[in-house]
file coords.cif (mmCIF, C-alpha atoms and all ligand atoms)
data_my_file
loop_
_atom_site.label_atom_id
_atom_site.label_comp_id
_atom_site.auth_asym_id
_atom_site.auth_seq_id
_atom_site.Cartn_x
_atom_site.Cartn_y
_atom_site.Cartn_z
CA MET A 98 170.66 -86.83 -25.65
CA THR A 99 172.40 -85.29 -28.67
CA ARG A 100 170.39 -82.46 -30.25
CA LYS A 101 169.76 -82.58 -33.98
CA ILE A 102 170.51 -79.16 -35.47
CA ALA A 103 169.92 -78.08 -39.09
CA VAL A 104 171.64 -75.03 -40.56
CA VAL A 105 169.87 -73.73 -43.67
CA GLY A 106 172.37 -72.11 -46.07
CA GLY A 107 175.97 -72.93 -46.90
CA GLY A 108 177.35 -69.41 -47.22
CA ILE A 109 180.13 -68.33 -44.90
CA VAL A 110 177.74 -67.54 -42.02
CA GLY A 111 175.99 -70.94 -42.05
CA THR A 112 179.26 -72.83 -42.51
CA ALA A 113 181.03 -70.89 -39.73
CA LEU A 114 178.07 -71.61 -37.45
CA ALA A 115 178.14 -75.34 -38.24
CA ARG A 116 181.89 -75.37 -37.48
CA GLU A 117 181.35 -73.62 -34.15
CA LEU A 118 178.59 -76.08 -33.20
CA VAL A 119 180.62 -79.21 -33.98
CA ARG A 120 183.77 -77.83 -32.35
CA ARG A 121 181.84 -77.30 -29.13
CA ASP A 122 180.11 -80.65 -29.53
CA LEU A 123 176.70 -78.98 -29.21
CA GLY A 124 174.78 -81.34 -31.46
CA ASP A 125 174.45 -83.52 -34.49
CA VAL A 126 174.79 -80.87 -37.23
CA THR A 127 173.56 -80.87 -40.84
CA VAL A 128 174.02 -77.98 -43.28
CA LEU A 129 171.39 -77.88 -46.04
CA GLU A 130 172.48 -75.87 -49.10
CA LYS A 131 170.32 -75.55 -52.21
CA GLU A 132 173.14 -74.99 -54.70
CA ASP A 133 175.68 -77.55 -55.94
CA ARG A 134 178.52 -75.83 -54.04
CA LEU A 135 179.12 -73.78 -50.91
CA ALA A 136 179.58 -70.00 -51.09
CA ALA A 137 177.53 -69.84 -54.30
CA HIS A 138 175.95 -66.44 -53.65
CA GLN A 139 177.13 -63.43 -51.60
CA THR A 140 180.11 -65.25 -50.09
CA GLY A 141 181.44 -66.09 -53.54
CA HIS A 142 180.60 -62.73 -55.13
CA ASN A 143 182.13 -60.08 -52.91
CA SER A 144 185.17 -57.81 -52.68
CA GLY A 145 187.20 -60.26 -50.57
CA VAL A 146 188.00 -57.58 -48.00
CA VAL A 147 188.55 -58.27 -44.31
CA HIS A 148 187.20 -55.06 -42.87
CA ALA A 149 188.89 -53.51 -39.85
CA GLY A 150 185.74 -51.78 -38.51
CA LEU A 151 185.95 -48.22 -39.85
CA TYR A 152 182.34 -47.46 -40.59
CA TYR A 153 180.09 -49.06 -38.00
CA ALA A 154 178.16 -47.35 -35.21
CA PRO A 155 180.20 -47.85 -32.01
CA GLY A 156 178.61 -50.47 -29.77
CA SER A 157 176.63 -52.05 -32.62
CA LEU A 158 176.82 -55.77 -33.34
CA LYS A 159 178.57 -54.91 -36.61
CA ALA A 160 181.29 -52.97 -34.77
CA ARG A 161 181.82 -55.62 -32.11
CA LEU A 162 181.60 -58.72 -34.27
CA CYS A 163 183.73 -57.22 -37.06
CA ALA A 164 186.63 -56.60 -34.65
CA THR A 165 186.42 -60.09 -33.14
CA GLY A 166 185.71 -61.73 -36.49
CA ARG A 167 188.73 -60.13 -38.15
CA ALA A 168 191.05 -61.53 -35.46
CA LEU A 169 189.44 -65.00 -35.59
CA LEU A 170 189.65 -65.05 -39.39
CA GLN A 171 193.31 -64.05 -39.34
CA ASP A 172 194.12 -66.94 -36.95
CA PHE A 173 192.02 -69.36 -39.01
CA CYS A 174 193.83 -68.42 -42.24
CA ALA A 175 197.20 -68.83 -40.51
CA GLU A 176 196.17 -72.26 -39.17
CA LYS A 177 194.94 -73.45 -42.59
CA GLY A 178 197.72 -71.87 -44.67
CA LEU A 179 195.23 -69.64 -46.51
CA PRO A 180 196.26 -66.19 -47.77
CA PHE A 181 195.48 -63.23 -45.49
CA ARG A 182 197.15 -60.19 -47.01
CA GLU A 183 197.19 -56.98 -44.98
CA LEU A 184 197.26 -54.67 -48.00
CA GLY A 185 195.79 -51.67 -46.19
CA LYS A 186 192.89 -49.39 -47.04
CA LEU A 187 192.96 -45.65 -47.74
CA VAL A 188 189.64 -43.80 -47.45
CA VAL A 189 190.10 -40.60 -49.43
CA ALA A 190 188.27 -37.27 -49.16
CA VAL A 191 188.53 -35.89 -52.67
CA ASP A 192 187.60 -32.32 -51.70
CA GLU A 193 186.69 -30.16 -48.72
CA SER A 194 183.00 -31.09 -48.93
CA GLU A 195 183.86 -34.64 -47.76
CA LEU A 196 185.90 -33.65 -44.70
CA ARG A 197 182.97 -33.80 -42.29
CA ALA A 198 182.03 -37.31 -43.33
CA LEU A 199 185.70 -38.33 -43.17
CA ALA A 200 185.93 -36.94 -39.62
CA GLU A 201 182.93 -39.09 -38.65
CA ILE A 202 184.62 -42.18 -40.09
CA GLU A 203 187.75 -41.36 -38.11
CA ARG A 204 185.68 -40.91 -34.93
CA ARG A 205 183.91 -44.23 -35.42
CA SER A 206 187.16 -46.01 -36.30
CA ARG A 207 188.82 -44.81 -33.12
CA ALA A 208 185.78 -45.72 -31.01
CA ASN A 209 185.80 -49.18 -32.62
CA GLY A 210 189.50 -49.68 -31.87
CA VAL A 211 190.57 -50.04 -35.52
CA PRO A 212 194.23 -51.04 -35.18
CA ASP A 213 197.02 -48.66 -36.30
CA LEU A 214 194.63 -46.13 -37.87
CA GLU A 215 196.31 -43.02 -39.28
CA ARG A 216 194.67 -39.69 -40.12
CA ILE A 217 196.36 -38.06 -43.09
CA ASP A 218 196.13 -34.34 -43.87
CA ASP A 219 199.33 -34.09 -45.86
CA VAL A 220 199.15 -34.92 -49.56
CA GLY A 221 202.81 -36.03 -49.47
CA ARG A 222 201.98 -38.71 -46.90
CA LEU A 223 198.86 -39.77 -48.85
CA ARG A 224 201.05 -40.22 -51.93
CA GLU A 225 203.58 -42.29 -49.97
CA ILE A 226 200.85 -44.82 -49.29
CA GLU A 227 199.03 -44.68 -52.64
CA PRO A 228 201.15 -42.70 -55.14
CA HIS A 229 198.32 -42.41 -57.69
CA ALA A 230 195.47 -41.40 -55.37
CA ALA A 231 194.25 -37.81 -55.23
CA GLY A 232 192.55 -36.11 -52.31
CA VAL A 233 192.79 -33.47 -49.62
CA ALA A 234 192.76 -35.83 -46.63
CA ALA A 235 192.38 -39.52 -45.81
CA VAL A 236 192.31 -42.16 -43.14
CA HIS A 237 194.55 -45.18 -43.57
CA SER A 238 193.84 -48.59 -42.06
CA PRO A 239 196.99 -50.64 -42.67
CA ARG A 240 195.48 -53.82 -41.18
CA THR A 241 192.56 -54.08 -43.63
CA ALA A 242 193.23 -57.33 -45.50
CA ALA A 243 192.28 -59.42 -48.52
CA VAL A 244 191.23 -63.09 -48.37
CA ASP A 245 189.58 -65.68 -50.58
CA TYR A 246 186.17 -66.16 -48.91
CA PRO A 247 185.09 -69.26 -50.90
CA ALA A 248 188.39 -70.95 -49.91
CA VAL A 249 187.83 -69.95 -46.28
CA THR A 250 184.29 -71.41 -46.43
CA GLU A 251 185.56 -74.69 -47.90
CA ALA A 252 188.19 -74.94 -45.15
CA MET A 253 185.50 -74.39 -42.51
CA ALA A 254 183.37 -77.08 -44.18
CA ASP A 255 186.30 -79.52 -44.03
CA ASP A 256 186.44 -78.95 -40.27
CA VAL A 257 182.68 -79.64 -40.05
CA ARG A 258 182.97 -82.92 -41.95
CA ARG A 259 186.05 -84.03 -40.01
CA ALA A 260 184.16 -83.52 -36.74
CA GLY A 261 181.23 -85.64 -37.95
CA GLY A 262 178.90 -82.90 -39.26
CA ARG A 263 177.12 -83.25 -42.60
CA ILE A 264 177.05 -80.81 -45.49
CA VAL A 265 174.33 -81.65 -47.99
CA LEU A 266 174.36 -79.82 -51.32
CA ARG A 267 171.45 -79.49 -53.81
CA GLU A 268 169.02 -79.65 -50.88
CA GLU A 269 166.63 -76.70 -50.93
CA VAL A 270 164.52 -76.24 -47.82
CA THR A 271 160.93 -75.76 -48.95
CA GLY A 272 159.06 -76.24 -45.68
CA LEU A 273 159.59 -75.50 -42.00
CA ARG A 274 156.85 -76.50 -39.58
CA ILE A 275 157.00 -76.32 -35.80
CA VAL A 276 155.73 -79.53 -34.21
CA GLY A 277 155.70 -79.21 -30.42
CA PRO A 278 159.24 -78.34 -29.30
CA ARG A 279 160.77 -79.51 -32.61
CA VAL A 280 160.81 -78.51 -36.28
CA ARG A 281 159.89 -80.51 -39.38
CA VAL A 282 162.23 -79.57 -42.24
CA THR A 283 161.09 -80.42 -45.75
CA THR A 284 163.25 -80.52 -48.87
CA ALA A 285 162.48 -82.02 -52.29
CA GLY A 286 163.79 -85.42 -51.16
CA THR A 287 163.53 -85.44 -47.37
CA ASP A 288 161.26 -84.73 -44.47
CA ASP A 289 163.21 -84.72 -41.19
CA VAL A 290 162.58 -83.52 -37.68
CA TYR A 291 165.24 -81.42 -35.88
CA ASP A 292 165.49 -80.02 -32.35
CA ARG A 293 166.83 -76.69 -33.59
CA VAL A 294 167.03 -74.97 -36.96
CA VAL A 295 169.14 -71.92 -37.79
CA VAL A 296 168.40 -70.10 -41.03
CA CYS A 297 171.41 -68.38 -42.64
CA ALA A 298 169.86 -68.02 -46.10
CA GLY A 299 171.30 -64.65 -47.17
CA LEU A 300 169.28 -63.31 -50.11
CA GLN A 301 166.43 -65.71 -49.28
CA SER A 302 166.37 -65.04 -45.53
CA ASP A 303 162.92 -63.39 -45.59
CA VAL A 304 161.52 -66.08 -47.92
CA VAL A 305 162.67 -68.89 -45.61
CA ALA A 306 161.49 -66.91 -42.55
CA ARG A 307 157.99 -66.82 -44.01
CA LEU A 308 157.98 -70.65 -44.21
CA VAL A 309 157.85 -70.76 -40.42
CA GLY A 310 155.33 -67.92 -40.11
CA ALA A 311 157.79 -65.17 -39.12
CA ASP A 312 157.06 -61.51 -39.84
CA PRO A 313 157.66 -60.77 -43.56
CA SER A 314 159.47 -57.60 -42.44
CA PRO A 315 162.31 -56.92 -42.89
CA ARG A 316 162.28 -57.84 -46.55
CA ILE A 317 165.40 -58.35 -48.61
CA LEU A 318 165.56 -55.79 -51.43
CA PRO A 319 168.39 -57.05 -53.62
CA PHE A 320 171.02 -54.56 -54.83
CA ARG A 321 173.51 -55.74 -57.42
CA GLY A 322 177.10 -54.55 -57.34
CA GLU A 323 179.11 -54.83 -60.55
CA TYR A 324 182.89 -54.93 -60.85
CA TRP A 325 185.37 -54.06 -63.56
CA SER A 326 188.94 -55.33 -63.59
CA LEU A 327 191.96 -53.12 -64.05
CA ALA A 328 194.37 -54.01 -66.87
CA PRO A 329 197.19 -56.06 -65.27
CA ASP A 330 199.86 -53.73 -66.70
CA ARG A 331 198.12 -50.79 -64.96
CA SER A 332 197.57 -52.51 -61.62
CA ASP A 333 200.42 -50.49 -60.09
CA LEU A 334 197.97 -47.56 -59.99
CA VAL A 335 196.67 -49.15 -56.78
CA HIS A 336 198.94 -50.60 -54.09
CA GLY A 337 196.29 -51.82 -51.66
CA MET A 338 192.71 -50.62 -51.46
CA ILE A 339 191.42 -47.11 -52.21
CA TYR A 340 187.90 -46.20 -51.09
CA PRO A 341 185.81 -43.04 -51.37
CA VAL A 342 184.22 -41.44 -48.33
CA PRO A 343 180.81 -43.14 -48.41
CA ASP A 344 177.62 -41.12 -48.65
CA PRO A 345 176.23 -41.43 -45.10
CA ARG A 346 172.64 -41.49 -46.46
CA PHE A 347 173.30 -44.73 -48.32
CA PRO A 348 174.24 -48.18 -46.92
CA PHE A 349 176.87 -49.06 -49.53
CA LEU A 350 180.50 -47.98 -49.57
CA GLY A 351 180.77 -46.58 -53.11
CA VAL A 352 182.90 -47.77 -56.04
CA HIS A 353 186.37 -48.62 -54.74
CA PHE A 354 189.65 -50.17 -55.90
CA THR A 355 190.58 -53.47 -54.29
CA ARG A 356 193.68 -55.55 -54.81
CA GLY A 357 192.87 -59.20 -54.20
CA VAL A 358 194.89 -62.13 -52.88
CA ASP A 359 195.66 -62.95 -56.55
CA ASP A 360 197.03 -59.40 -57.10
CA LEU A 361 194.28 -58.55 -59.59
CA VAL A 362 192.74 -55.14 -58.95
CA HIS A 363 188.97 -54.87 -59.11
CA VAL A 364 187.00 -51.66 -59.40
CA GLY A 365 183.53 -51.61 -57.90
CA PRO A 366 180.96 -52.49 -56.80
CA ASN A 367 178.27 -50.00 -57.76
CA ALA A 368 174.72 -50.49 -56.43
CA VAL A 369 171.78 -51.00 -58.79
CA PRO A 370 168.39 -52.50 -57.93
CA ALA A 371 168.55 -56.17 -58.98
CA LEU A 372 165.67 -57.66 -60.94
CA ALA A 373 166.37 -61.08 -59.40
CA ARG A 374 167.71 -61.93 -55.96
CA GLU A 375 170.24 -64.32 -57.43
CA GLY A 376 170.62 -62.57 -60.81
CA TYR A 377 174.06 -61.33 -61.74
CA GLY A 378 173.25 -59.22 -64.81
CA TRP A 379 170.49 -57.06 -66.33
CA SER A 380 169.20 -60.07 -68.31
CA ALA A 381 168.46 -62.06 -65.14
CA VAL A 382 164.86 -61.20 -64.32
CA SER A 383 162.62 -62.89 -61.78
CA LEU A 384 159.06 -61.61 -62.04
CA ARG A 385 158.38 -62.89 -58.53
CA ASP A 386 161.35 -61.04 -57.02
CA THR A 387 160.76 -57.84 -59.00
CA TRP A 388 157.03 -57.75 -58.25
CA GLY A 389 157.77 -58.49 -54.59
CA SER A 390 160.23 -55.57 -54.40
CA LEU A 391 157.93 -53.13 -56.22
CA THR A 392 154.93 -53.92 -54.03
CA TRP A 393 156.82 -53.83 -50.74
CA PRO A 394 155.42 -50.88 -48.72
CA GLY A 395 158.97 -49.69 -48.02
CA ALA A 396 159.86 -49.48 -51.71
CA LEU A 397 158.10 -46.16 -52.36
CA PRO A 398 159.67 -44.21 -49.45
CA LEU A 399 163.01 -45.73 -50.43
CA ALA A 400 162.61 -44.68 -54.06
CA ARG A 401 161.46 -41.18 -53.03
CA GLN A 402 164.55 -40.73 -50.90
CA HIS A 403 167.14 -42.21 -53.25
CA TRP A 404 165.78 -41.87 -56.81
CA ARG A 405 168.48 -39.45 -57.92
CA MET A 406 171.28 -41.69 -56.71
CA GLY A 407 169.44 -44.73 -58.15
CA LEU A 408 169.31 -43.21 -61.65
CA ASP A 409 172.95 -42.22 -61.40
CA GLU A 410 173.97 -45.77 -60.44
CA ILE A 411 171.83 -47.35 -63.19
CA SER A 412 173.31 -45.08 -65.86
CA ALA A 413 176.85 -45.90 -64.65
CA SER A 414 175.97 -49.58 -64.92
CA LEU A 415 174.76 -49.22 -68.51
CA VAL A 416 177.34 -46.71 -69.77
CA LYS A 417 180.98 -47.54 -69.09
CA SER A 418 182.19 -43.92 -69.40
CA ARG A 419 179.96 -42.93 -66.46
CA TYR A 420 181.30 -45.79 -64.32
CA TYR A 421 184.82 -44.74 -65.32
CA ARG A 422 184.19 -41.14 -64.23
CA LYS A 423 183.17 -42.32 -60.75
CA ALA A 424 186.37 -44.32 -60.36
CA ARG A 425 188.61 -41.62 -61.83
CA ARG A 426 187.63 -39.10 -59.15
CA PHE A 427 190.19 -40.43 -56.74
CA VAL A 428 192.68 -42.03 -59.17
CA PRO A 429 192.97 -39.27 -61.81
CA GLU A 430 195.59 -41.09 -63.92
CA LEU A 431 193.03 -43.81 -64.66
CA ARG A 432 192.25 -44.01 -68.41
CA PRO A 433 189.02 -45.44 -69.85
CA ASP A 434 190.94 -48.35 -71.41
CA ASP A 435 192.35 -49.32 -68.00
CA LEU A 436 188.97 -50.81 -67.12
CA VAL A 437 189.38 -53.87 -69.30
CA ALA A 438 186.59 -56.29 -68.57
CA ARG A 439 183.53 -56.65 -66.44
CA ALA A 440 184.65 -58.81 -63.55
CA GLY A 441 181.41 -60.30 -62.31
CA ALA A 442 178.87 -59.00 -59.86
CA GLY A 443 177.38 -59.74 -56.48
CA VAL A 444 173.91 -59.17 -55.08
CA ARG A 445 173.65 -57.72 -51.59
CA ALA A 446 171.08 -59.08 -49.16
CA GLN A 447 170.15 -55.81 -47.46
CA ALA A 448 167.08 -55.91 -45.23
CA TRP A 449 164.54 -53.05 -45.36
CA GLY A 450 161.58 -52.37 -43.14
CA ARG A 451 158.00 -51.60 -44.17
CA ASP A 452 158.73 -47.88 -43.76
CA GLY A 453 161.60 -47.99 -46.26
CA ALA A 454 164.28 -47.68 -43.55
CA LEU A 455 167.19 -50.00 -43.93
CA LEU A 456 168.23 -52.27 -41.12
CA ASP A 457 171.73 -51.11 -40.41
CA ASP A 458 172.86 -53.70 -37.89
CA PHE A 459 173.04 -57.49 -38.03
CA ALA A 460 169.65 -58.85 -36.96
CA VAL A 461 168.47 -62.19 -35.58
CA ASP A 462 164.88 -63.31 -34.94
CA THR A 463 163.49 -66.32 -33.12
CA VAL A 464 160.33 -68.33 -33.74
CA GLY A 465 160.21 -71.16 -31.17
CA PRO A 466 163.07 -73.56 -31.95
CA VAL A 467 163.95 -71.70 -35.17
CA THR A 468 166.61 -68.98 -35.18
CA LEU A 469 166.54 -66.67 -38.20
CA VAL A 470 169.47 -64.52 -39.31
CA ARG A 471 167.47 -61.69 -40.91
CA ASN A 472 170.22 -59.23 -41.82
CA ALA A 473 173.85 -60.17 -42.44
CA PRO A 474 175.20 -57.70 -45.00
CA SER A 475 178.81 -56.50 -45.16
CA PRO A 476 180.91 -56.96 -43.01
CA ALA A 477 179.28 -60.34 -42.30
CA ALA A 478 181.94 -62.27 -44.24
CA THR A 479 184.66 -60.62 -42.11
CA SER A 480 182.55 -61.19 -38.99
CA SER A 481 181.33 -64.72 -39.79
CA MET A 482 183.22 -66.60 -37.07
CA ALA A 483 182.21 -64.01 -34.46
CA ILE A 484 178.57 -64.12 -35.68
CA ALA A 485 178.73 -67.90 -35.19
CA GLN A 486 179.96 -67.48 -31.61
CA HIS A 487 177.28 -64.84 -30.97
CA LEU A 488 174.51 -67.14 -32.28
CA VAL A 489 175.71 -70.01 -30.10
CA ARG A 490 176.06 -67.81 -27.01
CA GLU A 491 172.85 -65.81 -27.33
CA HIS A 492 170.45 -68.05 -29.26
CA LEU A 493 171.43 -71.73 -29.13
CA ARG A 494 172.22 -72.45 -25.51
C1 LIG A 501 179.06 -57.09 -53.93
C2 LIG A 501 179.33 -57.46 -52.51
C3 LIG A 501 180.54 -57.11 -51.91
C4 LIG A 501 180.79 -57.45 -50.58
N1 LIG A 501 182.04 -57.23 -50.05
C5 LIG A 501 182.31 -57.68 -48.79
C6 LIG A 501 183.64 -57.60 -48.27
O1 LIG A 501 184.57 -57.20 -48.96
N2 LIG A 501 183.85 -58.01 -46.99
C7 LIG A 501 182.83 -58.49 -46.20
O2 LIG A 501 183.08 -58.81 -45.04
N3 LIG A 501 181.58 -58.63 -46.69
C8 LIG A 501 181.31 -58.26 -47.97
N4 LIG A 501 180.06 -58.44 -48.50
C9 LIG A 501 179.03 -59.04 -47.66
C10 LIG A 501 179.24 -60.55 -47.51
O3 LIG A 501 179.52 -61.15 -48.76
C11 LIG A 501 177.97 -61.15 -46.91
O4 LIG A 501 177.63 -60.40 -45.76
C12 LIG A 501 178.18 -62.61 -46.48
O5 LIG A 501 178.73 -63.36 -47.56
C13 LIG A 501 176.88 -63.20 -46.01
O6 LIG A 501 177.03 -64.60 -45.88
P1 LIG A 501 175.75 -65.52 -45.74
O7 LIG A 501 176.25 -66.89 -45.46
O8 LIG A 501 174.81 -64.88 -44.77
O9 LIG A 501 175.01 -65.41 -47.15
P2 LIG A 501 175.27 -66.15 -48.55
O10 LIG A 501 176.71 -66.24 -48.86
O11 LIG A 501 174.42 -65.47 -49.55
O12 LIG A 501 174.76 -67.62 -48.28
C14 LIG A 501 173.39 -67.94 -48.11
C15 LIG A 501 173.21 -69.36 -48.64
O13 LIG A 501 171.90 -69.82 -48.33
C16 LIG A 501 171.50 -70.67 -49.38
N5 LIG A 501 170.03 -70.79 -49.34
C17 LIG A 501 169.11 -69.81 -49.50
N6 LIG A 501 167.87 -70.32 -49.39
C18 LIG A 501 167.99 -71.64 -49.15
C19 LIG A 501 167.05 -72.70 -48.96
N7 LIG A 501 165.72 -72.49 -48.98
N8 LIG A 501 167.53 -73.95 -48.74
C20 LIG A 501 168.88 -74.18 -48.71
N9 LIG A 501 169.81 -73.22 -48.91
C21 LIG A 501 169.37 -71.95 -49.12
C22 LIG A 501 172.01 -69.93 -50.62
O14 LIG A 501 172.06 -70.76 -51.76
C23 LIG A 501 173.36 -69.43 -50.16
O15 LIG A 501 174.39 -70.32 -50.48
C24 LIG A 501 179.79 -58.12 -49.82
C25 LIG A 501 178.59 -58.49 -50.43
C26 LIG A 501 178.37 -58.20 -51.76
C27 LIG A 501 177.11 -58.68 -52.41
#

call {"tool": "encode", "arguments": {"input": "coords.cif", "output": "structure tokens", "more": "lines below"}}
Ligand SMILES: Cc1cc2nc3c(=O)[nH]c(=O)nc-3n(C[C@H](O)[C@H](O)[C@H](O)COP(=O)(O)OP(=O)(O)OC[C@H]3O[C@@H](n4cnc5c(N)ncnc54)[C@H](O)[C@@H]3O)c2cc1C
result
Amino acid sequence: MTRKIAVVGGGIVGTALARELVRRDLGDVTVLEKEDRLAAHQTGHNSGVVHAGLYYAPGSLKARLCATGRALLQDFCAEKGLPFRELGKLVVAVDESELRALAEIERRSRANGVPDLERIDDVGRLREIEPHAAGVAAVHSPRTAAVDYPAVTEAMADDVRRAGGRIVLREEVTGLRIVGPRVRVTTAGTDDVYDRVVVCAGLQSDVVARLVGADPSPRILPFRGEYWSLAPDRSDLVHGMIYPVPDPRFPFLGVHFTRGVDDLVHVGPNAVPALAREGYGWSAVSLRDTWGSLTWPGALPLARQHWRMGLDEISASLVKSRYYRKARRFVPELRPDDLVARAGAGVRAQAWGRDGALLDDFAVDTVGPVTLVRNAPSPAATSSMAIAQHLVREHLR
């Protein structure tokens, strides 16, 4: 008998999973998405980078699924005629103090099999790749690419519909109750029973997990990342993508320059605590989300460890000249007026434990017939098709 499977969440992870399920004819698949469009949250508010696997701990799910996911995504874009531009990424050590961290990135990149990676110790070579970047050393990943993730998600959804799957928008899941071997899924307008449910709810993954009685930990502490755009007549300052060496104590990559598929160059994102999970500016405040973050046992250890960096990020969010100074470190010709307009923001769904430690790797939980994706931060967009295969192989057989 055909299994009825519900996927909660129409971001790139949920949509890629639905596509994998219908392609393999593993069930009668319905995607339930609360917004009026797919890719409305993280998938539609990110840097659009197809990561090549530079940063991730060798052997981790992130490392493995990023490598496979990048290749699958490249083939998918070719098949659908979607842009996949290998613009290349340069990770720049601005001074000697960053060389150790750069060496660790090079070690991880090599262990992860990042294709065509080049270590650069010669400023002349660095300038050949990015003539306006400044630094003492770098690693270059020429195969790092740019895509349009919302367009990719829509193309995946077309495949789902063509194969007989359903994508239902404006359908928020408000209840999940296990009844024997099956699950009752409640939305505002429906009450249906499914054989399997997979929750790919991004910023709401802990909220939806609680509906089925799962452990409230890890909790999502939302961190907003804000972008500026570079004046089009100054976009030649950046040929591809220029990244700083990330601070290894912090999960985010630092403000970087990214050329997109549309040739616009974005600068960002920073990382400030968000006052609403789905709030894209300082004026978006959810008392429930903010209170929930403040009272989470892990919040205090987290604040103790990172308060200095937190204040620095908040001030750069509020005062443009401080944001500019961060960006100018590795592109010294940048002028304040080159950052012309705020170019939107995204909120990261990063999972944190009760002890304040962040969950570094992708994480999946199971409660009976319900599979819960608990942590799918960057590079989950890059890895989405490989995450879908992993879920099918390890959790949905
Ligand atoms: C600023 C920023 C930059 C990033 N840059 C990159 C990058 O360059 N490359 C990369 O690979 N990754 C990047 N990422 C990470 C990447 O965007 C995410 O890892 C990925 O989009 C996660 O996809 P998802 O489907 O899990 O989540 P989402 O895209 O957030 O989708 C979850 C969906 O679930 C829906 N939902 C939630 N609750 C319910 C409910 N109760 N009922 C129904 N629907 C529900 C939401 O509305 C949403 O549409 C970035 C993220 C951010 C925020």

call {"tool": "closest_residue", "arguments": {"input": "coords.cif", "among": "A:Val119, A:Val470, A:Leu415, A:Leu199", "to": "ligand LIG 501 (chain A)", "atoms": "all atoms listed in the file"}}
result
A:Val470

call {"tool": "residues_near_ligand", "arguments": {"input": "coords.cif", "ligand": "ligand LIG 501 (chain A)", "cutoff": "6 Å", "atoms": "all atoms listed in the file", "output": "MDAnalysis selection string"}}
result
chainID A and resid 105:111 129:132 135:140 142:148 268:271 297:301 305 322 366 443:445 473:479

call {"tool": "closest_residue", "arguments": {"input": "coords.cif", "among": "A:Val280, A:Ile264, A:Leu158, A:Val358", "to": "Glu183 of chain A", "atoms": "all atoms listed in the file"}}
result
A:Val358

call {"tool": "atom_distance", "arguments": {"input": "coords.cif", "atom1": "atom CA of Gly261 of chain A", "atom2": "atom CA of Leu179 of chain A"}}
result
22.9 Å

call {"tool": "residues_around", "arguments": {"input": "coords.cif", "residues": "Arg120 of chain A", "least_positions_apart": "6", "cutoff": "12 Å", "atoms": "all atoms listed in the file", "output": "PyMOL selection string"}}
result
chain A and resi 113-114+126+253-254+256-262+485-486+489

call {"tool": "atom_distance", "arguments": {"input": "coords.cif", "atom1": "atom CA of Leu273 of chain A", "atom2": "atom CA of Arg100 of chain A"}}
result
17.4 Å

call {"tool": "residues_around", "arguments": {"input": "coords.cif", "residues": "Lys177 of chain A", "least_positions_apart": "6", "cutoff": "12 Å", "atoms": "all atoms listed in the file", "output": "VMD selection string"}}
result
chain A and resid 170 to 171 248 to 253 255 to 256

call {"tool": "write_last_selection", "arguments": {"input": "coords.cif", "atoms": "C-alpha atoms", "output": "short mmCIF file (atom, residue, chain, number, x, y, z; two decimals), in the frame of the given file"}}
result
data_model
loop_
_atom_site.label_atom_id
_atom_site.label_comp_id
_atom_site.auth_asym_id
_atom_site.auth_seq_id
_atom_site.Cartn_x
_atom_site.Cartn_y
_atom_site.Cartn_z
CA LEU A 170 189.65 -65.05 -39.39
CA GLN A 171 193.31 -64.05 -39.34
CA ALA A 248 188.39 -70.95 -49.91
CA VAL A 249 187.83 -69.95 -46.28
CA THR A 250 184.29 -71.41 -46.43
CA GLU A 251 185.56 -74.69 -47.90
CA ALA A 252 188.19 -74.94 -45.15
CA MET A 253 185.50 -74.39 -42.51
CA ASP A 255 186.30 -79.52 -44.03
CA ASP A 256 186.44 -78.95 -40.27
#

call {"tool": "closest_residue", "arguments": {"input": "coords.cif", "among": "A:Val282, A:Lys101, A:Lys159, A:Tyr420", "to": "Tyr324 of chain A", "atoms": "all atoms listed in the file"}}
result
A:Tyr420

call {"tool": "atom_distance", "arguments": {"input": "coords.cif", "atom1": "atom CA of Ser157 of chain A", "atom2": "atom CA of Phe459 of chain A"}}
result
8.5 Å

call {"tool": "decode", "arguments": {"input": "coords.cif", "residues": "segment 329-333 of chain A", "atoms": "N, CA, C and O atoms", "output": "compact mmCIF listing (two decimals), in the first residue's frame"}}
result
# COMPACT_ATOMS: atom_id res chain seq x y z
N PRO A 329 26.69 49.75 -8.32
CA PRO A 329 27.00 48.99 -9.54
C PRO A 329 28.26 49.49 -10.25
O PRO A 329 29.05 48.68 -10.76
N ASP A 330 28.53 50.81 -10.22
CA ASP A 330 29.72 51.29 -10.92
C ASP A 330 31.01 51.01 -10.13
O ASP A 330 32.10 51.32 -10.60
N ARG A 331 30.88 50.42 -8.94
CA ARG A 331 32.08 50.02 -8.18
C ARG A 331 32.17 48.50 -8.02
O ARG A 331 32.99 47.99 -7.27
N SER A 332 31.29 47.79 -8.76
CA SER A 332 31.24 46.34 -8.53
C SER A 332 32.50 45.65 -9.07
O SER A 332 32.76 44.49 -8.73
N ASP A 333 33.32 46.37 -9.87
CA ASP A 333 34.56 45.74 -10.32
C ASP A 333 35.60 45.63 -9.20
O ASP A 333 36.65 45.02 -9.38
